[in-house]
>>> print(open('data38.pdb').read())   # PDB, C-alpha atoms and all ligand atoms
ATOM      1  CA  MET A   1     132.811 152.236  84.203
ATOM      2  CA  ILE A   2     135.339 154.582  85.785
ATOM      3  CA  PRO A   3     134.315 156.137  89.112
ATOM      4  CA  THR A   4     132.176 159.249  88.696
ATOM      5  CA  GLU A   5     134.413 161.387  90.880
ATOM      6  CA  SER A   6     137.525 160.602  88.888
ATOM      7  CA  ALA A   7     135.759 161.233  85.568
ATOM      8  CA  LEU A   8     134.440 164.535  86.891
ATOM      9  CA  GLN A   9     137.908 165.646  87.954
ATOM     10  CA  GLN A  10     139.314 164.858  84.534
ATOM     11  CA  VAL A  11     136.586 166.838  82.779
ATOM     12  CA  LEU A  12     137.011 169.791  85.137
ATOM     13  CA  GLU A  13     140.752 169.776  84.740
ATOM     14  CA  TRP A  14     140.353 169.848  80.953
ATOM     15  CA  GLY A  15     137.790 172.663  81.114
ATOM     16  CA  ARG A  16     139.985 174.948  83.206
ATOM     17  CA  SER A  17     141.265 176.939  80.200
ATOM     18  CA  LEU A  18     137.740 177.684  78.983
ATOM     19  CA  THR A  19     136.458 180.988  80.390
ATOM     20  CA  GLY A  20     133.083 180.483  82.054
ATOM     21  CA  PHE A  21     133.406 176.711  82.132
ATOM     22  CA  ALA A  22     131.476 175.627  85.209
ATOM     23  CA  ASN A  23     131.264 172.673  87.514
ATOM     24  CA  GLU A  24     127.721 172.216  86.243
ATOM     25  CA  HIS A  25     128.885 171.646  82.650
ATOM     26  CA  ALA A  26     131.090 168.795  83.822
ATOM     27  CA  VAL A  27     128.496 167.354  86.208
ATOM     28  CA  GLU A  28     125.754 167.289  83.561
ATOM     29  CA  ALA A  29     128.107 165.888  80.928
ATOM     30  CA  VAL A  30     129.184 163.017  83.167
ATOM     31  CA  ARG A  31     125.604 162.311  84.223
ATOM     32  CA  GLY A  32     124.240 162.350  80.687
ATOM     33  CA  GLY A  33     127.234 160.514  79.283
ATOM     34  CA  GLN A  34     127.069 157.791  81.926
ATOM     35  CA  TYR A  35     123.403 157.285  81.204
ATOM     36  CA  ILE A  36     124.043 156.850  77.463
ATOM     37  CA  LEU A  37     127.062 154.586  77.908
ATOM     38  CA  GLN A  38     125.280 152.376  80.419
ATOM     39  CA  ARG A  39     122.407 151.859  78.023
ATOM     40  CA  ILE A  40     124.643 150.747  75.141
ATOM     41  CA  GLN A  41     127.199 148.869  77.232
ATOM     42  CA  PRO A  42     126.111 145.332  76.152
ATOM     43  CA  SER A  43     126.082 146.324  72.458
ATOM     44  CA  LEU A  44     129.463 148.025  72.729
ATOM     45  CA  HIS A  45     130.768 144.868  74.286
ATOM     46  CA  ASP A  46     129.356 142.780  71.420
ATOM     47  CA  ILE A  47     131.046 144.866  68.740
ATOM     48  CA  SER A  48     134.345 145.154  70.635
ATOM     49  CA  ALA A  49     135.552 141.874  69.090
ATOM     50  CA  ARG A  50     135.390 143.608  65.701
ATOM     51  CA  THR A  51     136.528 147.097  66.735
ATOM     52  CA  GLY A  52     139.022 146.256  69.466
ATOM     53  CA  ARG A  53     137.592 149.202  71.415
ATOM     54  CA  ASP A  54     136.964 148.475  75.077
ATOM     55  CA  PRO A  55     133.630 149.911  76.329
ATOM     56  CA  GLN A  56     135.366 150.494  79.680
ATOM     57  CA  ASP A  57     138.401 152.320  78.265
ATOM     58  CA  GLU A  58     138.902 155.279  80.585
ATOM     59  CA  LYS A  59     140.519 157.506  77.999
ATOM     60  CA  LEU A  60     137.657 157.022  75.529
ATOM     61  CA  ILE A  61     135.033 157.581  78.210
ATOM     62  CA  VAL A  62     136.609 160.786  79.527
ATOM     63  CA  THR A  63     136.989 162.130  75.986
ATOM     64  CA  PHE A  64     133.289 161.498  75.393
ATOM     65  CA  TYR A  65     132.348 163.340  78.598
ATOM     66  CA  ARG A  66     134.598 166.257  77.652
ATOM     67  CA  GLU A  67     132.875 166.635  74.289
ATOM     68  CA  LEU A  68     129.461 166.664  76.013
ATOM     69  CA  ALA A  69     130.707 169.256  78.503
ATOM     70  CA  LEU A  70     131.963 171.319  75.575
ATOM     71  CA  LEU A  71     128.473 171.245  74.031
ATOM     72  CA  PHE A  72     126.914 172.492  77.286
ATOM     73  CA  TRP A  73     129.535 175.223  77.625
ATOM     74  CA  LEU A  74     129.022 176.388  74.016
ATOM     75  CA  ASP A  75     125.275 176.584  74.611
ATOM     76  CA  ASP A  76     125.849 178.800  77.634
ATOM     77  CA  CYS A  77     128.396 180.909  75.762
ATOM     78  CA  ASN A  78     125.500 181.810  73.469
ATOM     79  CA  ASP A  79     122.688 181.945  76.008
ATOM     80  CA  LEU A  80     124.521 183.595  78.885
ATOM     81  CA  GLY A  81     127.249 185.478  77.045
ATOM     82  CA  LEU A  82     130.010 183.781  79.040
ATOM     83  CA  ILE A  83     132.695 185.079  76.655
ATOM     84  CA  ALA A  84     133.057 188.082  74.337
ATOM     85  CA  PRO A  85     131.693 187.738  70.782
ATOM     86  CA  GLU A  86     135.184 187.818  69.259
ATOM     87  CA  GLN A  87     136.281 185.087  71.644
ATOM     88  CA  LEU A  88     133.291 182.954  70.706
ATOM     89  CA  ALA A  89     134.099 183.438  67.013
ATOM     90  CA  ALA A  90     137.681 182.293  67.614
ATOM     91  CA  VAL A  91     136.529 179.318  69.690
ATOM     92  CA  GLU A  92     134.061 178.250  66.983
ATOM     93  CA  GLN A  93     136.783 178.508  64.375
ATOM     94  CA  ALA A  94     139.144 176.368  66.452
ATOM     95  CA  LEU A  95     136.531 173.701  67.190
ATOM     96  CA  GLY A  96     135.037 173.589  63.715
ATOM     97  CA  GLN A  97     138.373 173.467  61.894
ATOM     98  CA  GLY A  98     140.464 171.539  64.420
ATOM     99  CA  VAL A  99     143.072 174.296  64.733
ATOM    100  CA  PRO A 100     144.480 176.119  67.790
ATOM    101  CA  CYS A 101     142.392 179.027  69.040
ATOM    102  CA  ALA A 102     143.529 182.338  67.534
ATOM    103  CA  LEU A 103     142.960 184.164  70.843
ATOM    104  CA  PRO A 104     144.833 183.420  74.095
ATOM    105  CA  GLY A 105     143.282 180.946  76.542
ATOM    106  CA  PHE A 106     140.835 178.256  75.415
ATOM    107  CA  GLU A 107     143.615 175.680  74.992
ATOM    108  CA  GLY A 108     141.066 173.007  75.889
ATOM    109  CA  CYS A 109     139.517 173.403  72.417
ATOM    110  CA  ALA A 110     142.619 172.303  70.519
ATOM    111  CA  VAL A 111     143.480 169.703  73.161
ATOM    112  CA  LEU A 112     140.113 168.022  72.729
ATOM    113  CA  ARG A 113     140.190 168.198  68.935
ATOM    114  CA  ALA A 114     143.724 166.719  68.891
ATOM    115  CA  SER A 115     142.751 163.828  71.138
ATOM    116  CA  LEU A 116     139.637 163.107  69.060
ATOM    117  CA  ALA A 117     141.715 163.168  65.874
ATOM    118  CA  ALA A 118     144.188 160.748  67.441
ATOM    119  CA  LEU A 119     141.504 158.424  68.845
ATOM    120  CA  ALA A 120     139.304 158.277  65.741
ATOM    121  CA  TYR A 121     138.562 154.674  64.822
ATOM    122  CA  ASP A 122     137.496 155.970  61.417
ATOM    123  CA  ARG A 123     139.020 159.240  60.303
ATOM    124  CA  ARG A 124     135.808 160.151  58.473
ATOM    125  CA  ASP A 125     134.038 160.486  61.829
ATOM    126  CA  TYR A 126     136.529 163.179  62.851
ATOM    127  CA  THR A 127     135.795 165.158  59.665
ATOM    128  CA  GLU A 128     132.068 164.730  60.283
ATOM    129  CA  LEU A 129     132.428 165.797  63.908
ATOM    130  CA  LEU A 130     134.029 169.058  62.836
ATOM    131  CA  ASN A 131     131.153 169.555  60.409
ATOM    132  CA  ASP A 132     128.549 168.758  63.079
ATOM    133  CA  THR A 133     130.298 171.254  65.350
ATOM    134  CA  ARG A 134     130.031 173.981  62.727
ATOM    135  CA  CYS A 135     126.316 173.183  62.292
ATOM    136  CA  TYR A 136     125.745 173.204  66.059
ATOM    137  CA  CYS A 137     127.480 176.569  66.517
ATOM    138  CA  ALA A 138     125.621 178.086  63.562
ATOM    139  CA  ALA A 139     122.275 176.848  64.917
ATOM    140  CA  LEU A 140     122.968 178.199  68.408
ATOM    141  CA  ARG A 141     123.792 181.575  66.913
ATOM    142  CA  ALA A 142     120.730 181.578  64.635
ATOM    143  CA  GLY A 143     118.423 180.565  67.493
ATOM    144  CA  HIS A 144     119.806 183.247  69.720
ATOM    145  CA  ALA A 145     119.565 185.909  66.997
ATOM    146  CA  GLN A 146     115.940 185.164  66.154
ATOM    147  CA  ALA A 147     114.895 185.087  69.804
ATOM    148  CA  ALA A 148     116.492 188.504  70.269
ATOM    149  CA  GLY A 149     115.242 190.012  66.997
ATOM    150  CA  ALA A 150     111.861 191.245  65.840
ATOM    151  CA  GLN A 151     111.213 188.555  63.234
ATOM    152  CA  ARG A 152     109.816 185.369  64.827
ATOM    153  CA  TRP A 153     110.335 182.026  63.171
ATOM    154  CA  SER A 154     107.415 179.802  62.262
ATOM    155  CA  TYR A 155     107.226 176.512  64.144
ATOM    156  CA  ALA A 156     108.657 174.699  61.090
ATOM    157  CA  GLU A 157     111.574 177.091  60.817
ATOM    158  CA  TYR A 158     112.229 176.696  64.521
ATOM    159  CA  LEU A 159     112.245 172.887  64.300
ATOM    160  CA  HIS A 160     114.511 172.970  61.282
ATOM    161  CA  ASN A 161     117.122 174.921  63.231
ATOM    162  CA  SER A 162     116.661 172.870  66.399
ATOM    163  CA  ILE A 163     117.669 169.656  64.691
ATOM    164  CA  ASP A 164     121.185 171.072  64.787
ATOM    165  CA  SER A 165     121.031 172.993  68.061
ATOM    166  CA  ILE A 166     120.072 169.876  70.057
ATOM    167  CA  ALA A 167     123.452 168.400  69.066
ATOM    168  CA  TYR A 168     122.360 164.766  68.934
ATOM    169  CA  SER A 169     124.347 164.212  65.729
ATOM    170  CA  ASN A 170     127.424 165.491  67.550
ATOM    171  CA  VAL A 171     126.807 163.070  70.403
ATOM    172  CA  PHE A 172     126.335 160.102  68.047
ATOM    173  CA  CYS A 173     129.295 161.059  65.903
ATOM    174  CA  CYS A 174     131.557 161.349  68.931
ATOM    175  CA  LEU A 175     130.468 157.897  70.136
ATOM    176  CA  SER A 176     131.033 156.517  66.648
ATOM    177  CA  LEU A 177     134.487 158.054  66.469
ATOM    178  CA  LEU A 178     135.512 156.595  69.828
ATOM    179  CA  TRP A 179     133.923 153.134  69.622
ATOM    180  CA  GLY A 180     133.770 152.461  65.881
ATOM    181  CA  LEU A 181     130.014 152.681  65.272
ATOM    182  CA  ASP A 182     130.482 153.249  61.535
ATOM    183  CA  MET A 183     128.301 156.349  61.418
ATOM    184  CA  ALA A 184     130.176 157.733  58.416
ATOM    185  CA  THR A 185     128.954 154.795  56.319
ATOM    186  CA  LEU A 186     125.443 154.898  57.785
ATOM    187  CA  ARG A 187     125.067 158.594  56.972
ATOM    188  CA  ALA A 188     124.962 157.648  53.289
ATOM    189  CA  ARG A 189     121.639 155.842  53.908
ATOM    190  CA  PRO A 190     118.578 158.106  53.543
ATOM    191  CA  ALA A 191     116.764 156.105  56.252
ATOM    192  CA  PHE A 192     119.585 156.781  58.715
ATOM    193  CA  ARG A 193     119.494 160.475  57.970
ATOM    194  CA  GLN A 194     115.760 160.362  58.576
ATOM    195  CA  VAL A 195     116.397 158.686  61.935
ATOM    196  CA  LEU A 196     118.811 161.481  62.823
ATOM    197  CA  ARG A 197     116.203 164.103  61.960
ATOM    198  CA  LEU A 198     113.436 162.331  63.877
ATOM    199  CA  ILE A 199     115.431 161.646  67.035
ATOM    200  CA  SER A 200     116.812 165.190  66.996
ATOM    201  CA  THR A 201     113.313 166.643  66.718
ATOM    202  CA  ILE A 202     112.175 164.397  69.559
ATOM    203  CA  GLY A 203     115.137 165.544  71.640
ATOM    204  CA  ARG A 204     114.376 169.168  70.944
ATOM    205  CA  LEU A 205     110.689 168.832  71.847
ATOM    206  CA  GLN A 206     111.567 166.954  75.041
ATOM    207  CA  ASN A 207     114.114 169.596  75.971
ATOM    208  CA  ASP A 208     111.702 172.457  75.308
ATOM    209  CA  LEU A 209     108.779 170.885  77.148
ATOM    210  CA  HIS A 210     111.007 170.139  80.072
ATOM    211  CA  GLY A 211     112.644 173.570  80.128
ATOM    212  CA  CYS A 212     109.496 175.562  79.390
ATOM    213  CA  ALA A 213     108.865 176.883  82.908
ATOM    214  CA  LYS A 214     112.498 177.706  83.458
ATOM    215  CA  ASP A 215     112.903 179.358  80.054
ATOM    216  CA  ARG A 216     109.754 181.385  80.535
ATOM    217  CA  SER A 217     110.865 182.753  83.887
ATOM    218  CA  ALA A 218     114.295 183.511  82.421
ATOM    219  CA  GLY A 219     112.692 185.452  79.549
ATOM    220  CA  GLU A 220     114.241 182.967  77.116
ATOM    221  CA  ALA A 221     112.257 182.937  73.836
ATOM    222  CA  ASP A 222     114.213 180.188  72.073
ATOM    223  CA  ASN A 223     111.787 177.414  73.007
ATOM    224  CA  ALA A 224     109.040 175.808  70.886
ATOM    225  CA  ALA A 225     106.360 176.198  73.572
ATOM    226  CA  ILE A 226     107.132 179.858  74.134
ATOM    227  CA  LEU A 227     107.364 180.588  70.415
ATOM    228  CA  LEU A 228     103.963 178.983  69.786
ATOM    229  CA  LEU A 229     102.358 180.821  72.697
ATOM    230  CA  GLN A 230     103.661 184.121  71.390
ATOM    231  CA  ARG A 231     102.131 183.393  67.992
ATOM    232  CA  TYR A 232      98.914 181.765  69.237
ATOM    233  CA  PRO A 233      98.188 182.883  72.802
ATOM    234  CA  ALA A 234      95.130 180.619  73.228
ATOM    235  CA  MET A 235      96.806 177.464  71.954
ATOM    236  CA  PRO A 236      96.987 174.388  74.223
ATOM    237  CA  VAL A 237     100.701 174.296  73.578
ATOM    238  CA  GLU A 238     101.696 171.532  75.929
ATOM    239  CA  ASP A 239      99.088 169.126  74.543
ATOM    240  CA  PHE A 240     100.077 170.034  71.001
ATOM    241  CA  LEU A 241     103.778 169.444  71.630
ATOM    242  CA  ASN A 242     103.157 166.175  73.459
ATOM    243  CA  ASP A 243     101.116 165.038  70.450
ATOM    244  CA  GLU A 244     103.923 166.055  68.107
ATOM    245  CA  LEU A 245     106.357 164.142  70.280
ATOM    246  CA  ALA A 246     104.219 161.004  70.136
ATOM    247  CA  GLY A 247     103.839 161.288  66.352
ATOM    248  CA  HIS A 248     107.567 161.656  65.826
ATOM    249  CA  ALA A 249     108.188 158.703  68.143
ATOM    250  CA  ARG A 250     105.828 156.538  66.058
ATOM    251  CA  MET A 251     107.560 157.538  62.823
ATOM    252  CA  LEU A 252     110.936 156.830  64.369
ATOM    253  CA  HIS A 253     109.786 153.459  65.625
ATOM    254  CA  ARG A 254     108.615 152.483  62.136
ATOM    255  CA  VAL A 255     111.940 153.306  60.483
ATOM    256  CA  MET A 256     113.903 151.543  63.211
ATOM    257  CA  VAL A 257     111.817 148.370  62.822
ATOM    258  CA  GLU A 258     112.058 148.414  59.030
ATOM    259  CA  GLU A 259     115.734 149.249  58.731
ATOM    260  CA  ARG A 260     117.354 147.186  61.493
ATOM    261  CA  PHE A 261     120.524 149.218  61.945
ATOM    262  CA  PRO A 262     123.613 147.426  63.280
ATOM    263  CA  ALA A 263     124.467 147.365  67.006
ATOM    264  CA  PRO A 264     124.466 149.512  69.057
ATOM    265  CA  TRP A 265     122.186 151.842  67.098
ATOM    266  CA  GLY A 266     118.886 150.341  68.289
ATOM    267  CA  PRO A 267     119.601 150.736  72.018
ATOM    268  CA  LEU A 268     121.367 154.059  71.421
ATOM    269  CA  ILE A 269     118.406 155.655  69.640
ATOM    270  CA  GLU A 270     116.090 154.128  72.234
ATOM    271  CA  ALA A 271     118.168 155.635  75.055
ATOM    272  CA  MET A 272     117.958 159.092  73.497
ATOM    273  CA  ALA A 273     114.212 158.729  72.889
ATOM    274  CA  VAL A 274     113.520 158.329  76.607
ATOM    275  CA  ILE A 275     116.028 160.881  77.861
ATOM    276  CA  ARG A 276     113.235 163.082  79.160
ATOM    277  CA  ALA A 277     112.119 160.398  81.581
ATOM    278  CA  LYS A 278     115.561 159.114  82.462
ATOM    279  CA  TYR A 279     117.855 162.099  82.398
ATOM    280  CA  TYR A 280     116.038 165.421  82.625
ATOM    281  CA  GLN A 281     113.855 164.360  85.537
ATOM    282  CA  THR A 282     116.795 163.700  87.784
ATOM    283  CA  SER A 283     118.986 166.520  86.548
ATOM    284  CA  THR A 284     118.696 169.220  89.151
ATOM    285  CA  SER A 285     121.739 171.374  88.553
ATOM    286  CA  ARG A 286     120.890 172.451  85.015
ATOM    287  CA  TYR A 287     117.231 171.782  84.507
ATOM    288  CA  GLY A 288     115.979 173.342  87.713
ATOM    289  CA  ASN A 289     113.411 170.757  88.708
ATOM    290  CA  ASP A 290     112.422 173.124  91.467
ATOM    291  CA  ALA A 291     111.469 175.817  88.919
ATOM    292  CA  ALA A 292     108.022 177.164  89.724
ATOM    293  CA  GLY A 293     105.020 176.455  87.526
ATOM    294  CA  GLY A 294     104.183 173.812  84.967
ATOM    295  CA  GLY A 295     106.184 172.420  82.119
ATOM    296  CA  GLN A 296     107.215 169.327  83.984
ATOM    297  CA  ARG A 297     105.524 165.995  83.754
ATOM    298  CA  ALA A 298     105.824 162.673  85.404
ATOM    299  CA  PRO A 299     108.264 160.256  83.780
ATOM    300  CA  ALA A 300     106.663 158.602  80.752
TER     301      ALA A 300
HETATM  302  C1  LIG B 401     124.265 169.550  73.836
HETATM  303  C2  LIG B 401     123.930 168.814  74.877
HETATM  304  C3  LIG B 401     124.966 168.198  75.723
HETATM  305  C4  LIG B 401     124.750 166.749  75.936
HETATM  306  C5  LIG B 401     123.328 166.480  76.372
HETATM  307  C6  LIG B 401     123.110 165.049  76.875
HETATM  308  C7  LIG B 401     123.935 164.883  78.130
HETATM  309  C8  LIG B 401     123.533 163.990  75.865
HETATM  310  C9  LIG B 401     121.652 164.863  77.240
HETATM  311  C10 LIG B 401     120.700 165.298  76.138
HETATM  312  C11 LIG B 401     120.916 166.730  75.761
HETATM  313  C12 LIG B 401     122.357 166.996  75.316
HETATM  314  C13 LIG B 401     122.576 166.378  73.951
HETATM  315  C14 LIG B 401     122.536 168.502  75.208
HETATM  316  C15 LIG B 401     121.588 169.053  74.150
HETATM  317  C16 LIG B 401     120.953 170.344  74.213
HETATM  318  C17 LIG B 401     121.553 171.470  74.891
HETATM  319  C18 LIG B 401     122.393 172.417  74.161
HETATM  320  C19 LIG B 401     121.217 171.628  76.139
HETATM  321  C20 LIG B 401     121.552 172.805  76.869
HETATM  322  O1  LIG B 401     120.604 172.884  77.824
HETATM  323  P1  LIG B 401     119.349 173.827  77.709
HETATM  324  O2  LIG B 401     119.756 175.086  78.329
HETATM  325  O3  LIG B 401     118.176 173.099  78.226
HETATM  326  O4  LIG B 401     119.119 173.972  76.157
HETATM  327  P2  LIG B 401     118.575 175.193  75.357
HETATM  328  O5  LIG B 401     119.611 176.248  75.488
HETATM  329  O6  LIG B 401     117.282 175.559  76.018
HETATM  330  O7  LIG B 401     118.425 174.662  73.991
END
>>> encode(input="data38.pdb", output="structure tokens")
Amino acid sequence: MIPTESALQQVLEWGRSLTGFANEHAVEAVRGGQYILQRIQPSLHDISARTGRDPQDEKLIVTFYRELALLFWLDDCNDLGLIAPEQLAAVEQALGQGVPCALPGFEGCAVLRASLAALAYDRRDYTELLNDTRCYCAALRAGHAQAAGAQRWSYAEYLHNSIDSIAYSNVFCCLSLLWGLDMATLRARPAFRQVLRLISTIGRLQNDLHGCAKDRSAGEADNAAILLLQRYPAMPVEDFLNDELAGHARMLHRVMVEERFPAPWGPLIEAMAVIRAKYYQTSTSRYGNDAAGGGQRAPA
């Protein structure tokens, strides 16, 4: 894999045109991206004879990290108001349609979309990535709006939205686009779509359990644990959510065993299923492991 420092520089350099883009977005993207790529390295190598895509290709790797950094930045644009609402609307339009941004600045958006379009092993993945981006942006907006408004979602409504706001489909689709994982074909299979829903729910619950203390102290209401506590103050929320997590993991395991998806989908889904233990626990810059109070658990 390319040296971390060099990858980081290339992500930062790309992010320079994006107002509010921070070192942290690049650092977390490279850390998370490296973790995922390392886990699927042997499988990517196995399929490279068919795809001709080198798992070590620097250009592909940096493009992947940039897309992850973009997802972090977009989340903070919503949560922290890094840019003005009209700028965010223009950015979303550019990223979701693959066109230049209508407002000045933000050239990184079109640059990234153009390189993904050019690198797409299967053009359908590029179309799907734009669609996943629109879903992600819409879910971030909806989550933010409900947390700020008077009407609270039910737990089911919250989970439904979080399947998109956790952005796992975007991550998978980007990997598929760059390394030829044939996700566009797999998406036609109901069992694969179920896997996407299950792993996304797992990711969301892991993220919320991990970020609970930090979100609570930041007054952030867009978190399953906080939402449940607001609705049911006496509920043992952490136990409930850990149970939900275990149940979803069992359902996911069953589909994965029955369906036997092609490489590298087994290790890839597995890597995402344990991200709480392997990624969040060591991620200090974003996930504030020094945040006071509970909400953090030992690695599973
Ligand atoms: C969108 C994200 C960027 C990539 C990242 C990797 C590196 C793959 C590790 C798993 C999570 C994720 C897919 C991440 C997903 C969720 C996301 C928007 C995180 C932003 O952080 P956080 O403030 O905890 O989320 P939220 O605003 O509380 O939902």
>>> residues_near_ligand(input="data38.pdb", ligand="ligand LIG 401 (chain B)", cutoff="7 Å", atoms="only C-alpha atoms and all ligand atoms", output="MDAnalysis selection string")
chainID A and resid 28:29 31:33 68:69 71:72 75 79 165:168 171 207:208 211 222:223 275 279 287
>>> resolve_selection(input="data38.pdb", expression="the PyMOL selection byres (((chain A and resi 53) around 12) and not hetatm)", output="VMD selection string")
chain A and resid 41 43 to 52 54 to 61 119 to 121 175 to 181
>>> write_last_selection(input="data38.pdb", atoms="C-alpha atoms", output="PDB file, in the coordinates of the input")
ATOM      1  CA  GLN A  41     127.199 148.869  77.232  1.00  0.00           C
ATOM      2  CA  SER A  43     126.082 146.324  72.458  1.00  0.00           C
ATOM      3  CA  LEU A  44     129.463 148.025  72.729  1.00  0.00           C
ATOM      4  CA  HIS A  45     130.768 144.868  74.286  1.00  0.00           C
ATOM      5  CA  ASP A  46     129.356 142.780  71.420  1.00  0.00           C
ATOM      6  CA  ILE A  47     131.046 144.866  68.740  1.00  0.00           C
ATOM      7  CA  SER A  48     134.345 145.154  70.635  1.00  0.00           C
ATOM      8  CA  ALA A  49     135.552 141.874  69.090  1.00  0.00           C
ATOM      9  CA  ARG A  50     135.390 143.608  65.701  1.00  0.00           C
ATOM     10  CA  THR A  51     136.528 147.097  66.735  1.00  0.00           C
ATOM     11  CA  GLY A  52     139.022 146.256  69.466  1.00  0.00           C
ATOM     12  CA  ASP A  54     136.964 148.475  75.077  1.00  0.00           C
ATOM     13  CA  PRO A  55     133.630 149.911  76.329  1.00  0.00           C
ATOM     14  CA  GLN A  56     135.366 150.494  79.680  1.00  0.00           C
ATOM     15  CA  ASP A  57     138.401 152.320  78.265  1.00  0.00           C
ATOM     16  CA  GLU A  58     138.902 155.279  80.585  1.00  0.00           C
ATOM     17  CA  LYS A  59     140.519 157.506  77.999  1.00  0.00           C
ATOM     18  CA  LEU A  60     137.657 157.022  75.529  1.00  0.00           C
ATOM     19  CA  ILE A  61     135.033 157.581  78.210  1.00  0.00           C
ATOM     20  CA  LEU A 119     141.504 158.424  68.845  1.00  0.00           C
ATOM     21  CA  ALA A 120     139.304 158.277  65.741  1.00  0.00           C
ATOM     22  CA  TYR A 121     138.562 154.674  64.822  1.00  0.00           C
ATOM     23  CA  LEU A 175     130.468 157.897  70.136  1.00  0.00           C
ATOM     24  CA  SER A 176     131.033 156.517  66.648  1.00  0.00           C
ATOM     25  CA  LEU A 177     134.487 158.054  66.469  1.00  0.00           C
ATOM     26  CA  LEU A 178     135.512 156.595  69.828  1.00  0.00           C
ATOM     27  CA  TRP A 179     133.923 153.134  69.622  1.00  0.00           C
ATOM     28  CA  GLY A 180     133.770 152.461  65.881  1.00  0.00           C
ATOM     29  CA  LEU A 181     130.014 152.681  65.272  1.00  0.00           C
TER      30      LEU A 181
END
>>> atom_distance(input="data38.pdb", atom1="atom CA of A:Phe21", atom2="atom CA of A:Glu5")
17.7 Å
>>> resolve_selection(input="data38.pdb", expression="the PyMOL selection byres (((chain A and resi 257-273) around 10) and not hetatm)", output="number ranges by chain")
A: 35-47, 168, 172, 175-176, 181-183, 186, 191-192, 195-196, 198-200, 202-203, 206, 245, 249, 252-256, 274-279
>>> atom_distance(input="data38.pdb", atom1="atom CA of A:Ile163", atom2="atom CA of A:Thr201")
5.7 Å
